[in-house]
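Novice: The structure file start.cif (mmCIF, C-alpha atoms) is provided below.
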data_work
#
loop_
_atom_site.label_atom_id
_atom_site.label_comp_id
_atom_site.auth_asym_id
_atom_site.auth_seq_id
_atom_site.Cartn_x
_atom_site.Cartn_y
_atom_site.Cartn_z
CA MET A 187 86.74 65.94 103.72
CA GLN A 188 90.40 65.68 102.80
CA THR A 189 91.37 64.00 99.55
CA THR A 190 94.69 62.44 98.52
CA ARG A 191 96.87 63.41 95.58
CA SER A 192 97.78 60.66 93.10
CA ALA A 193 101.24 59.05 93.00
CA PRO A 194 102.07 60.49 89.53
CA GLU A 195 101.26 64.01 90.77
CA LYS A 196 103.50 63.56 93.79
CA GLN A 197 106.29 62.15 91.61
CA ALA A 198 106.04 65.09 89.19
CA GLU A 199 106.31 67.56 92.07
CA TYR A 200 109.27 65.65 93.50
CA ASP A 201 111.05 65.64 90.14
CA LYS A 202 110.51 69.39 89.75
CA MET A 203 111.98 70.21 93.16
CA ALA A 204 114.85 67.76 92.78
CA ASN A 205 115.94 68.22 89.16
CA ALA A 206 114.65 71.45 87.59
CA PRO A 207 117.31 74.11 86.78
CA VAL A 208 118.08 76.00 89.96
CA GLY A 209 117.67 79.56 88.67
CA GLY A 210 114.29 79.10 87.03
CA LEU A 211 112.98 76.99 89.89
CA ILE A 212 113.94 79.53 92.55
CA LEU A 213 112.44 82.39 90.54
CA SER A 214 109.20 80.45 90.03
CA LEU A 215 108.97 79.96 93.79
CA ALA A 216 110.35 83.37 94.77
CA VAL A 217 108.20 85.63 92.57
CA PRO A 218 104.88 84.65 94.21
CA THR A 219 106.54 85.02 97.61
CA MET A 220 107.91 88.44 96.63
CA VAL A 221 104.45 89.51 95.53
CA THR A 222 103.04 88.24 98.82
CA THR A 223 105.66 90.05 100.89
CA LEU A 224 105.28 93.22 98.84
CA ILE A 225 101.52 93.19 99.39
CA MET A 226 102.02 92.52 103.10
CA SER A 227 104.51 95.39 103.28
CA VAL A 228 102.18 97.68 101.35
CA TYR A 229 99.25 96.95 103.60
CA ASN A 230 101.45 97.48 106.68
CA MET A 231 102.37 100.84 105.17
CA ALA A 232 98.71 101.46 104.37
CA ASP A 233 97.99 101.27 108.09
CA THR A 234 100.76 103.79 108.71
CA PHE A 235 99.55 105.99 105.84
CA PHE A 236 95.89 106.13 106.90
CA VAL A 237 96.68 106.37 110.60
CA GLY A 238 99.05 109.20 109.71
CA ARG A 239 95.99 111.21 108.72
CA ILE A 240 94.86 111.01 112.36
CA GLY A 241 98.02 112.50 113.88
CA THR A 242 101.67 112.07 114.83
CA SER A 243 100.85 110.37 118.15
CA ALA A 244 98.64 107.82 116.39
CA THR A 245 101.41 107.09 113.88
CA ALA A 246 103.90 106.62 116.73
CA ALA A 247 101.42 104.31 118.53
CA VAL A 248 101.34 101.99 115.52
CA GLY A 249 105.12 101.83 115.76
CA VAL A 250 104.85 100.85 119.43
CA VAL A 251 102.25 98.12 118.78
CA PHE A 252 104.39 96.86 115.91
CA SER A 253 106.50 95.20 118.61
CA VAL A 254 103.49 92.96 119.33
CA VAL A 255 103.24 92.13 115.63
CA MET A 256 106.92 91.18 115.71
CA VAL A 257 106.23 88.79 118.59
CA LEU A 258 103.36 87.17 116.69
CA ASN A 259 105.49 86.90 113.56
CA GLY A 260 108.30 85.44 115.63
CA LEU A 261 106.04 82.73 117.04
CA GLY A 262 104.54 81.99 113.62
CA PHE A 263 107.92 81.72 111.94
CA TRP A 264 109.30 79.74 114.88
CA PHE A 265 106.76 76.96 114.37
CA GLY A 266 106.37 77.49 110.61
CA THR A 267 110.02 77.70 109.60
CA GLY A 268 110.97 74.93 112.01
CA ALA A 269 108.36 72.63 110.49
CA SER A 270 108.96 73.69 106.88
CA SER A 271 112.74 73.19 107.06
CA LEU A 272 112.08 69.65 108.28
CA VAL A 273 109.26 69.01 105.79
CA SER A 274 111.24 70.09 102.72
CA ARG A 275 114.04 67.70 103.68
CA MET A 276 111.55 64.90 104.46
CA LEU A 277 109.87 65.30 101.10
CA GLY A 278 113.29 65.20 99.46
CA ALA A 279 113.97 61.94 101.33
CA ARG A 280 110.41 60.67 100.54
CA GLU A 281 109.34 60.56 104.21
CA ASN A 282 105.80 61.82 103.52
CA ARG A 283 104.09 60.32 106.58
CA HIS A 284 106.54 62.03 108.89
CA ALA A 285 105.99 65.30 107.01
CA ASP A 286 102.24 65.00 107.73
CA ALA A 287 102.95 64.64 111.44
CA ILE A 288 105.36 67.58 111.58
CA THR A 289 103.02 69.96 109.74
CA SER A 290 99.97 68.99 111.81
CA THR A 291 101.91 69.30 115.06
CA ALA A 292 103.24 72.76 114.19
CA PHE A 293 99.79 74.00 113.11
CA PHE A 294 97.87 72.99 116.22
CA LEU A 295 100.72 74.12 118.44
CA ALA A 296 100.47 77.54 116.76
CA LEU A 297 96.74 77.79 117.41
CA ALA A 298 97.16 76.92 121.09
CA VAL A 299 99.92 79.47 121.59
CA GLY A 300 97.91 82.09 119.68
CA LEU A 301 94.97 81.67 122.05
CA LEU A 302 97.33 82.06 125.00
CA VAL A 303 98.70 85.31 123.55
CA THR A 304 95.14 86.61 123.10
CA ALA A 305 94.30 85.92 126.73
CA VAL A 306 97.48 87.55 128.08
CA GLY A 307 97.25 90.56 125.75
CA LEU A 308 93.64 91.38 126.57
CA THR A 309 94.26 90.98 130.30
CA ALA A 310 97.47 93.00 130.64
CA GLY A 311 97.20 95.41 127.69
CA GLU A 312 98.12 98.69 129.40
CA SER A 313 101.10 97.23 131.27
CA LEU A 314 102.39 95.67 128.07
CA MET A 315 102.05 98.90 126.08
CA ARG A 316 103.94 100.82 128.74
CA LEU A 317 106.68 98.21 128.64
CA LEU A 318 106.85 98.49 124.84
CA GLY A 319 107.59 102.20 125.05
CA ALA A 320 104.17 103.89 124.86
CA THR A 321 104.26 107.41 126.30
CA ARG A 322 101.32 108.99 128.14
CA THR A 323 100.11 110.68 124.95
CA LEU A 324 100.45 107.47 122.93
CA MET A 325 98.71 105.14 125.41
CA PRO A 326 95.06 105.60 124.30
CA TYR A 327 95.99 105.00 120.66
CA ALA A 328 98.22 102.03 121.50
CA LEU A 329 95.50 100.33 123.56
CA ALA A 330 92.85 100.87 120.88
CA TYR A 331 95.09 99.49 118.13
CA GLY A 332 96.59 96.67 120.18
CA ARG A 333 93.27 95.17 121.32
CA PHE A 334 92.37 93.84 117.87
CA ILE A 335 95.94 92.73 117.19
CA PHE A 336 95.74 90.48 120.26
CA ILE A 337 92.32 89.14 119.23
CA ALA A 338 93.71 88.11 115.84
CA ALA A 339 96.81 86.40 117.31
CA PRO A 340 95.72 82.77 116.56
CA PHE A 341 94.97 83.70 112.93
CA CYS A 342 98.27 85.55 112.52
CA ILE A 343 100.43 82.76 113.96
CA GLY A 344 98.44 79.97 112.31
CA SER A 345 98.48 81.69 108.93
CA LEU A 346 102.28 81.93 108.97
CA VAL A 347 102.60 78.21 109.74
CA LEU A 348 100.26 77.36 106.86
CA SER A 349 102.09 79.73 104.52
CA LYS A 350 105.50 78.25 105.34
CA GLY A 351 104.08 74.76 104.96
CA LEU A 352 102.80 75.50 101.47
CA CYS A 353 106.13 77.04 100.47
CA ALA A 354 108.03 74.01 101.84
CA GLU A 355 106.46 71.79 99.19
CA GLY A 356 106.90 74.34 96.40
CA LYS A 357 103.43 75.90 96.50
CA SER A 358 104.41 79.54 96.75
CA ARG A 359 101.51 80.59 94.50
CA GLU A 360 98.93 79.03 96.78
CA SER A 361 100.54 80.75 99.75
CA MET A 362 100.47 84.01 97.79
CA VAL A 363 96.73 83.81 97.11
CA GLY A 364 95.82 83.77 100.80
CA GLN A 365 98.28 86.45 101.87
CA VAL A 366 97.55 88.78 98.95
CA THR A 367 93.79 88.46 99.40
CA GLY A 368 94.15 89.37 103.05
CA GLY A 369 96.45 92.28 102.23
CA VAL A 370 94.21 93.75 99.55
CA LEU A 371 91.20 93.39 101.86
CA ASN A 372 93.10 95.22 104.59
CA MET A 373 93.93 98.13 102.29
CA ALA A 374 90.28 98.37 101.21
CA LEU A 375 88.89 98.23 104.76
CA ASP A 376 91.34 100.75 106.28
CA PRO A 377 89.79 103.91 104.80
CA LEU A 378 86.28 102.45 105.17
CA PHE A 379 86.63 101.71 108.88
CA ILE A 380 88.74 104.78 109.74
CA PHE A 381 87.00 107.54 107.80
CA VAL A 382 83.57 106.30 106.71
CA PHE A 383 82.64 104.46 109.91
CA HIS A 384 84.69 106.98 111.96
CA TRP A 385 86.36 104.26 114.05
CA GLY A 386 89.75 106.02 113.95
CA ILE A 387 92.78 103.95 114.89
CA THR A 388 90.48 101.16 116.12
CA GLY A 389 89.27 100.81 112.52
CA ALA A 390 92.81 100.27 111.26
CA ALA A 391 93.34 97.50 113.80
CA ALA A 392 89.97 95.88 113.04
CA ALA A 393 90.78 95.88 109.31
CA THR A 394 94.11 94.15 110.01
CA ALA A 395 92.50 91.52 112.25
CA LEU A 396 89.77 90.70 109.73
CA SER A 397 92.24 90.44 106.83
CA GLN A 398 94.41 88.02 108.82
CA ALA A 399 91.39 85.81 109.50
CA VAL A 400 90.57 85.72 105.78
CA ALA A 401 94.17 84.84 104.82
CA PHE A 402 94.16 82.07 107.42
CA ALA A 403 90.92 80.58 106.06
CA ILE A 404 92.11 80.60 102.44
CA GLN A 405 95.42 78.88 103.21
CA LEU A 406 93.77 76.31 105.45
CA SER A 407 91.35 75.45 102.62
CA TYR A 408 94.19 74.10 100.45
CA TYR A 409 94.95 71.46 103.07
CA LEU A 410 91.30 70.62 103.74
CA ARG A 411 90.60 70.22 100.00
CA GLY A 412 93.57 67.89 99.47
CA LYS A 413 95.52 70.27 97.23
CA THR A 414 98.81 69.60 99.02
CA GLN A 415 101.34 66.78 99.23
CA VAL A 416 101.29 67.06 103.02
CA HIS A 417 98.10 66.21 104.90
CA LEU A 418 96.85 68.24 107.86
CA SER A 419 94.73 66.69 110.62
CA ILE A 420 94.55 66.63 114.39
CA ARG A 421 94.86 62.84 114.06
CA PHE A 422 98.41 63.31 112.74
CA VAL A 423 99.61 65.42 115.67
CA SER A 424 102.76 63.74 116.94
CA ARG A 425 103.07 62.12 120.35
CA ASP A 426 106.82 61.89 119.94
CA VAL A 427 108.64 64.50 122.05
CA SER A 428 111.53 64.50 119.57
CA ASP A 429 109.25 65.93 116.85
CA TYR A 430 108.36 68.90 119.05
CA ARG A 431 112.03 69.34 119.91
CA ASP A 432 113.03 69.25 116.23
CA ILE A 433 110.39 71.82 115.24
CA LEU A 434 111.39 74.19 118.03
CA VAL A 435 115.15 73.74 117.52
CA MET A 436 115.01 74.13 113.72
CA GLY A 437 112.74 77.15 114.01
CA PHE A 438 114.65 78.74 116.88
CA PRO A 439 116.69 81.07 114.64
CA SER A 440 113.42 82.53 113.32
CA LEU A 441 112.22 83.12 116.87
CA CYS A 442 115.58 84.73 117.62
CA ARG A 443 115.27 86.94 114.55
CA HIS A 444 111.80 88.26 115.34
CA GLY A 445 112.22 88.20 119.10
CA CYS A 446 115.42 90.21 118.87
CA ASN A 447 113.71 92.56 116.42
CA MET A 448 110.97 93.09 118.98
CA VAL A 449 113.43 93.82 121.79
CA ALA A 450 115.38 96.14 119.49
CA ASN A 451 112.16 97.92 118.48
CA VAL A 452 111.29 98.50 122.14
CA VAL A 453 114.76 99.88 122.86
CA LEU A 454 114.47 102.00 119.71
CA ASN A 455 111.17 103.47 120.95
CA TRP A 456 112.68 104.21 124.33
CA THR A 457 115.75 105.93 122.93
CA ALA A 458 113.93 107.78 120.14
CA GLY A 459 111.27 108.89 122.63
CA VAL A 460 113.81 111.26 124.19
CA TRP A 461 113.29 113.41 121.08
CA GLY A 462 109.47 113.15 121.28
CA ASP A 463 106.66 111.43 119.38
CA ALA A 464 107.99 112.81 116.09
CA ALA A 465 111.19 110.77 116.43
CA ILE A 466 109.27 107.56 117.23
CA ALA A 467 106.98 108.20 114.24
CA ALA A 468 109.94 108.89 111.95
CA MET A 469 111.76 105.69 112.89
CA SER A 470 108.52 103.73 112.52
CA ILE A 471 107.97 105.04 108.98
CA ALA A 472 111.58 104.37 107.97
CA GLY A 473 111.23 100.84 109.33
CA ARG A 474 108.07 100.22 107.29
CA LEU A 475 109.88 101.33 104.13
CA LEU A 476 112.70 98.94 105.01
CA TYR A 477 110.16 96.10 105.13
CA LEU A 478 109.09 97.02 101.61
CA ALA A 479 112.67 96.70 100.35
CA ASN A 480 113.11 93.43 102.23
CA ALA A 481 110.16 91.95 100.33
CA VAL A 482 112.54 91.12 97.47
CA SER A 483 115.31 89.61 99.61
CA GLY A 484 112.76 87.79 101.75
CA GLY A 485 111.08 86.41 98.65
CA MET A 486 114.37 85.13 97.26
CA ASN A 487 115.27 83.54 100.59
CA GLN A 488 111.91 81.79 100.84
CA GLY A 489 112.08 80.77 97.18
CA SER A 490 115.48 79.18 97.69
CA GLN A 491 114.58 77.54 101.01
CA PRO A 492 112.63 74.51 99.66
CA VAL A 493 115.19 74.04 96.87
CA ILE A 494 118.04 74.02 99.38
CA GLY A 495 116.05 71.75 101.70
CA PHE A 496 115.26 69.22 98.96
CA ALA A 497 118.86 69.21 97.75
CA HIS A 498 120.21 68.81 101.26
CA GLY A 499 117.78 65.95 101.91
CA MET A 500 119.07 64.25 98.73
CA GLY A 501 122.69 64.85 99.70
CA ASN A 502 123.26 67.08 96.64
CA HIS A 503 125.66 69.67 98.12
CA LYS A 504 126.45 71.20 94.74
CA ARG A 505 122.78 72.08 94.22
CA VAL A 506 122.61 73.59 97.71
CA ARG A 507 125.54 75.87 96.85
CA GLN A 508 124.06 76.85 93.47
CA ALA A 509 120.69 77.71 95.00
CA PHE A 510 122.19 79.84 97.75
CA TRP A 511 124.50 81.93 95.58
CA PHE A 512 121.87 82.45 92.88
CA ALA A 513 119.43 83.83 95.46
CA VAL A 514 122.12 86.05 97.00
CA LYS A 515 123.22 87.55 93.68
CA VAL A 516 119.71 88.40 92.53
CA SER A 517 118.57 89.83 95.86
CA VAL A 518 121.74 91.91 96.42
CA ALA A 519 121.35 93.44 92.95
CA CYS A 520 117.76 94.37 93.77
CA MET A 521 118.80 95.82 97.12
CA CYS A 522 121.28 98.10 95.38
CA VAL A 523 118.47 99.46 93.21
CA PHE A 524 116.28 100.05 96.27
CA ALA A 525 119.18 101.76 98.01
CA VAL A 526 119.69 104.27 95.19
CA ILE A 527 115.97 105.10 95.13
CA GLY A 528 115.76 105.41 98.90
CA ILE A 529 118.78 107.69 99.17
CA ALA A 530 117.62 109.94 96.32
CA PHE A 531 113.99 110.33 97.41
CA ALA A 532 114.14 109.85 101.19
CA PRO A 533 112.35 113.10 102.24
CA ARG A 534 109.54 112.54 99.73
CA LEU A 535 109.06 108.93 100.80
CA ILE A 536 108.83 109.85 104.49
CA GLY A 537 106.55 112.78 103.64
CA LEU A 538 104.04 110.43 102.01
CA PHE A 539 103.12 109.12 105.45
CA ARG A 540 103.27 112.20 107.67
CA ASP A 541 103.37 115.88 106.65
CA ASP A 542 105.42 116.97 109.65
CA GLU A 543 108.75 118.74 109.10
CA LEU A 544 110.38 117.18 112.14
CA VAL A 545 109.20 113.67 111.24
CA ILE A 546 110.51 114.12 107.68
CA ALA A 547 113.88 115.43 108.87
CA TYR A 548 114.45 112.58 111.32
CA GLY A 549 113.04 109.92 108.98
CA ALA A 550 114.94 110.95 105.85
CA THR A 551 118.33 110.66 107.56
CA ALA A 552 117.38 107.29 109.06
CA LEU A 553 116.16 105.96 105.71
CA ARG A 554 119.31 107.03 103.84
CA LEU A 555 121.55 105.31 106.38
CA ILE A 556 119.40 102.16 106.23
CA CYS A 557 119.68 102.12 102.44
CA VAL A 558 123.48 102.25 102.53
CA ALA A 559 123.51 99.02 104.54
CA LEU A 560 120.77 97.17 102.61
CA PRO A 561 123.06 94.83 100.60
CA PHE A 562 124.97 93.86 103.75
CA ALA A 563 121.75 93.19 105.71
CA ASN A 564 120.46 91.11 102.80
CA PHE A 565 123.45 88.77 102.85
CA LEU A 566 123.17 88.37 106.63
CA ASN A 567 119.53 87.26 106.28
CA SER A 568 120.44 84.82 103.50
CA ALA A 569 123.19 83.31 105.63
CA THR A 570 120.92 82.73 108.62
CA ILE A 571 118.30 81.05 106.40
CA LEU A 572 120.95 78.81 104.80
CA PHE A 573 122.21 77.47 108.13
CA GLN A 574 118.65 77.00 109.36
CA VAL A 575 117.51 75.02 106.31
CA VAL A 576 120.51 72.66 106.29
CA GLY A 577 119.91 71.79 109.93
CA ARG A 578 122.50 74.03 111.59
CA PRO A 579 120.45 76.28 113.86
CA LEU A 580 123.38 77.21 116.13
CA PRO A 581 125.38 79.37 113.66
CA SER A 582 122.10 80.86 112.41
CA SER A 583 121.08 81.82 115.95
CA LEU A 584 124.54 83.16 116.76
CA LEU A 585 124.47 85.48 113.75
CA ILE A 586 121.05 86.81 114.74
CA PHE A 587 121.94 87.24 118.41
CA GLY A 588 125.25 88.82 117.46
CA ARG A 589 123.68 91.38 115.15
CA GLN A 590 120.88 92.37 117.53
CA LEU A 591 122.07 91.81 121.08
CA VAL A 592 125.82 92.31 120.73
CA LEU A 593 125.86 95.08 118.11
CA TYR A 594 122.54 96.87 117.55
CA ILE A 595 121.02 97.21 121.03
CA PRO A 596 124.29 98.30 122.72
CA ALA A 597 124.76 100.83 119.90
CA LEU A 598 121.24 102.18 120.56
CA LEU A 599 122.05 102.59 124.23
CA VAL A 600 125.48 104.20 123.78
CA LEU A 601 125.60 106.18 120.52
CA PRO A 602 122.69 108.60 121.22
CA LYS A 603 124.51 109.75 124.35
CA LEU A 604 127.57 110.55 122.23
CA ILE A 605 126.16 111.95 118.97
CA GLY A 606 122.50 112.65 119.71
CA ILE A 607 119.67 111.35 117.52
CA LEU A 608 122.18 110.43 114.79
CA GLY A 609 123.17 107.60 117.12
CA VAL A 610 119.60 106.25 116.95
CA GLN A 611 119.59 106.52 113.16
CA ILE A 612 123.00 104.96 112.49
CA ALA A 613 122.94 102.09 115.02
CA GLY A 614 121.10 99.58 112.80
CA PRO A 615 123.10 100.15 109.59
CA ALA A 616 126.40 99.96 111.47
CA ALA A 617 125.33 96.65 113.03
CA ASP A 618 124.44 95.26 109.59
CA VAL A 619 127.85 96.05 108.10
CA ILE A 620 129.79 94.55 111.02
CA ALA A 621 127.58 91.42 111.11
CA PHE A 622 128.15 90.91 107.37
CA CYS A 623 131.90 90.77 108.00
CA VAL A 624 131.25 87.87 110.37
CA ALA A 625 128.65 86.05 108.24
CA LEU A 626 130.62 85.91 104.98
CA PRO A 627 133.54 83.80 106.32
CA MET A 628 131.07 81.48 108.07
CA VAL A 629 129.23 80.80 104.80
CA LEU A 630 132.44 80.27 102.84
CA ARG A 631 133.70 77.86 105.50
CA TYR A 632 130.42 75.89 105.40
CA PHE A 633 130.56 75.39 101.63
CA LYS A 634 134.25 74.44 101.76
CA THR A 635 133.46 71.81 104.40
CA SER A 636 130.35 70.47 102.63
CA GLN A 637 132.35 69.84 99.44
CA ARG A 638 134.29 67.15 101.30
CA GLN A 639 131.14 65.39 102.53
CA PRO A 640 129.98 62.27 100.63
CA LEU A 641 126.90 62.58 98.40
#
Could you write out this file's structure as structure tokens?
Specialist:
Amino acid sequence: MQTTRSAPEKQAEYDKMANAPVGGLILSLAVPTMVTTLIMSVYNMADTFFVGRIGTSATAAVGVVFSVVMVLNGLGFWFGTGASSLVSRMLGARENRHADAITSTAFFLALAVGLLVTAVGLTAGESLMRLLGATRTLMPYALAYGRFIFIAAPFCIGSLVLSKGLCAEGKSRESMVGQVTGGVLNMALDPLFIFVFHWGITGAAAATALSQAVAFAIQLSYYLRGKTQVHLSIRFVSRDVSDYRDILVMGFPSLCRHGCNMVANVVLNWTAGVWGDAAIAAMSIAGRLLYLANAVSGGMNQGSQPVIGFAHGMGNHKRVRQAFWFAVKVSVACMCVFAVIGIAFAPRLIGLFRDDELVIAYGATALRLICVALPFANFLNSATILFQVVGRPLPSSLLIFGRQLVLYIPALLVLPKLIGILGVQIAGPAADVIAFCVALPMVLRYFKTSQRQPL
């Protein structure tokens, strides 16, 4: 049975989000999120590491199925970020009842869509894997791994909605507990299922599915035990079409981000596949290492999101600006450190996952080029989150579409024909640098305009 938090507790949480010093508040919210994202990145890499012991084709298959994971993440962040951007502003404006309706609507919508994905994925698995770039040698591994990923779809999407909801009201630590528990469980079950039970790549997928179910259950328990400001119940699901529209519109940039990433990953697999399974495996490993670096920038963005949302809901434009630039400065500094490490130790880092000379050669070059562009990519992500949180999904979506569909994918299709596999490796970093040159003036113009708006 759900309980209700007292008025003094709610007031204390409101005061913290509205008035605490920006730097300390963002760090207090960002650090648990960084830990969560780091653990999630590590357990994603754990899959790649343990599957890498099976063979190059198995490693490449995980990279192919990762497109499905991107779709699930895109749906989860679509509903979750859309709802959380609304909820943080509603809590800042003290519209708690409406926040209950938005969160409940997003959650049950996520479960319904997750079940639909499960049904489609299990019915049309082979056709989907072929579409995602699986070669004949990869197909058996891709089907075995993908089956459990589809089964866990409702837990994956629902867990992301719950996680974003907790973060929206400043409960990053609670969100961290569920995600970290699931991640640690996944890393423990991988070697058990793969090597002790001899389930091979199916064991890696089963470990991932089970860990996602556990993370989902832990995060849901916070709502059911009344540990949140926002209440979750099927009774609160909105019947107002405008609430669904607002969730989907506000979250659309997140869907764009992950959907475009999925399309780009498919095109990447197609183009890299010209150079064989080793090239697909190399790009997959480099991409997983990129996700590890992005844990810091992603944590800072998520830590600043509720602060920006609260401030925007209060009409405090100065606090919005302070929160954004603080998060950018800290995360860019961290990205520079990651870049130096990645460039210096690229072959060793790739070699941790697959002891194959060709995989290491392809992957090391890709990783070094990615690292050069890390600070630029970080700012682009921060800019898209800013526009999304302050209720401007159009510029956020345009930046995402521009980077992926106008710059990256055309580069993947053209550059390899001109400069060989280097074109595959350099397409993403080049797109990041050009997109940064577009995003920076847009952000500066937004803050200049917001200064003239009344508080």
Novice: Using only C-alpha atoms, can you tell me which of A:Val416, A:Ala569, A:Leu308, A:Leu555 comes closest to Tyr632 (chain A)?
Specialist: A:Ala569
Novice: Just the number, please: distance in Å from CA of Ala497 (chain A) to CA of Ser582 (chain A), one decimal.
Specialist: 19.0 Å
Novice: As an exercise, work out the distance from CA of Ser517 (chain A) to CA of Phe562 (chain A) in Å and give it to one decimal place.
Specialist: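 Result for CA of Ser517 (chain A) versus CA of Phe562 (chain A): 10.9 Å, one decimal.
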Novice: May I have the residues within 10 Å of region 283-285 of chain A as a list in words, using all atoms listed in the file and disregarding those fewer than 5 positions away in the same chain?
Specialist: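 Non-adjacent residues within range: Ala269, Ser270, Leu272, Val273, Ser274, Arg275, Met276, Leu277, Ser290, Thr291, Gly351, Gln415, Val416, His417, Leu418, Phe422, Ser424 and Asp429 of chain A.
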Novice: Can you tell me how far CA of Ala450 (chain A) sits from CA of Gln488 (chain A), in Å to one decimal?
Specialist: 23.8 Å
Novice: Looking at all atoms listed in the file, which of A:Met362, A:Pro492, A:Ala279, A:Pro561 is the one that sits closest to Ala525 (chain A)?
Specialist: A:Pro561
Novice: Would you kindly return, as an MDAnalysis selection string, each protein, DNA or RNA residue with an atom no farther than 9 Å from any atom of region 204-211 of chain A, considering all atoms listed in the file and excluding same-chain residues fewer than 5 positions away?
Specialist: chainID A and resid 199 216 278 489:490 493 496:497 500 505 508:509 512:513
Novice: Could those selected residues go to a file with C-alpha atoms, as a short mmCIF file (atom, residue, chain, number, x, y, z; two decimals), in the coordinates of the input?
Specialist:
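Generated output (result.cif):
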data_model
loop_
_atom_site.label_atom_id
_atom_site.label_comp_id
_atom_site.auth_asym_id
_atom_site.auth_seq_id
_atom_site.Cartn_x
_atom_site.Cartn_y
_atom_site.Cartn_z
CA GLU A 199 106.31 67.56 92.07
CA ALA A 216 110.35 83.37 94.77
CA GLY A 278 113.29 65.20 99.46
CA GLY A 489 112.08 80.77 97.18
CA SER A 490 115.48 79.18 97.69
CA VAL A 493 115.19 74.04 96.87
CA PHE A 496 115.26 69.22 98.96
CA ALA A 497 118.86 69.21 97.75
CA MET A 500 119.07 64.25 98.73
CA ARG A 505 122.78 72.08 94.22
CA GLN A 508 124.06 76.85 93.47
CA ALA A 509 120.69 77.71 95.00
CA PHE A 512 121.87 82.45 92.88
CA ALA A 513 119.43 83.83 95.46
#
Novice: Return the single residue from A:Gln405, A:Ser583, A:Thr289, A:Thr309 that is closest to Met436 (chain A), with distances computed using all atoms listed in the file.
Specialist: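 Among the listed residues, A:Ser583 lies closest to Met436 (chain A).
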Novice: Kindly assemble as JSON lines a list of the region 452-475 of chain A residues that lie within 9 Å of region 527-544 of chain A, each paired with its nearest atom pair and their distance in Å to one decimal, using all atoms listed in the file, sorted first by chain and then by ascending residue number.
Specialist:
{"residue": "A:Ala464", "atom": "CA", "partner": "A:Leu544", "partner_atom": "CA", "distance": 6.4}
{"residue": "A:Ala465", "atom": "CA", "partner": "A:Leu544", "partner_atom": "CA", "distance": 7.8}
{"residue": "A:Ala467", "atom": "CA", "partner": "A:Arg540", "partner_atom": "CA", "distance": 8.5}
{"residue": "A:Ala468", "atom": "CA", "partner": "A:Ile536", "partner_atom": "CA", "distance": 7.6}
{"residue": "A:Ile471", "atom": "CA", "partner": "A:Ile536", "partner_atom": "CA", "distance": 6.6}
{"residue": "A:Ala472", "atom": "CA", "partner": "A:Ile536", "partner_atom": "CA", "distance": 7.1}
{"residue": "A:Leu475", "atom": "CA", "partner": "A:Leu535", "partner_atom": "CA", "distance": 8.3}
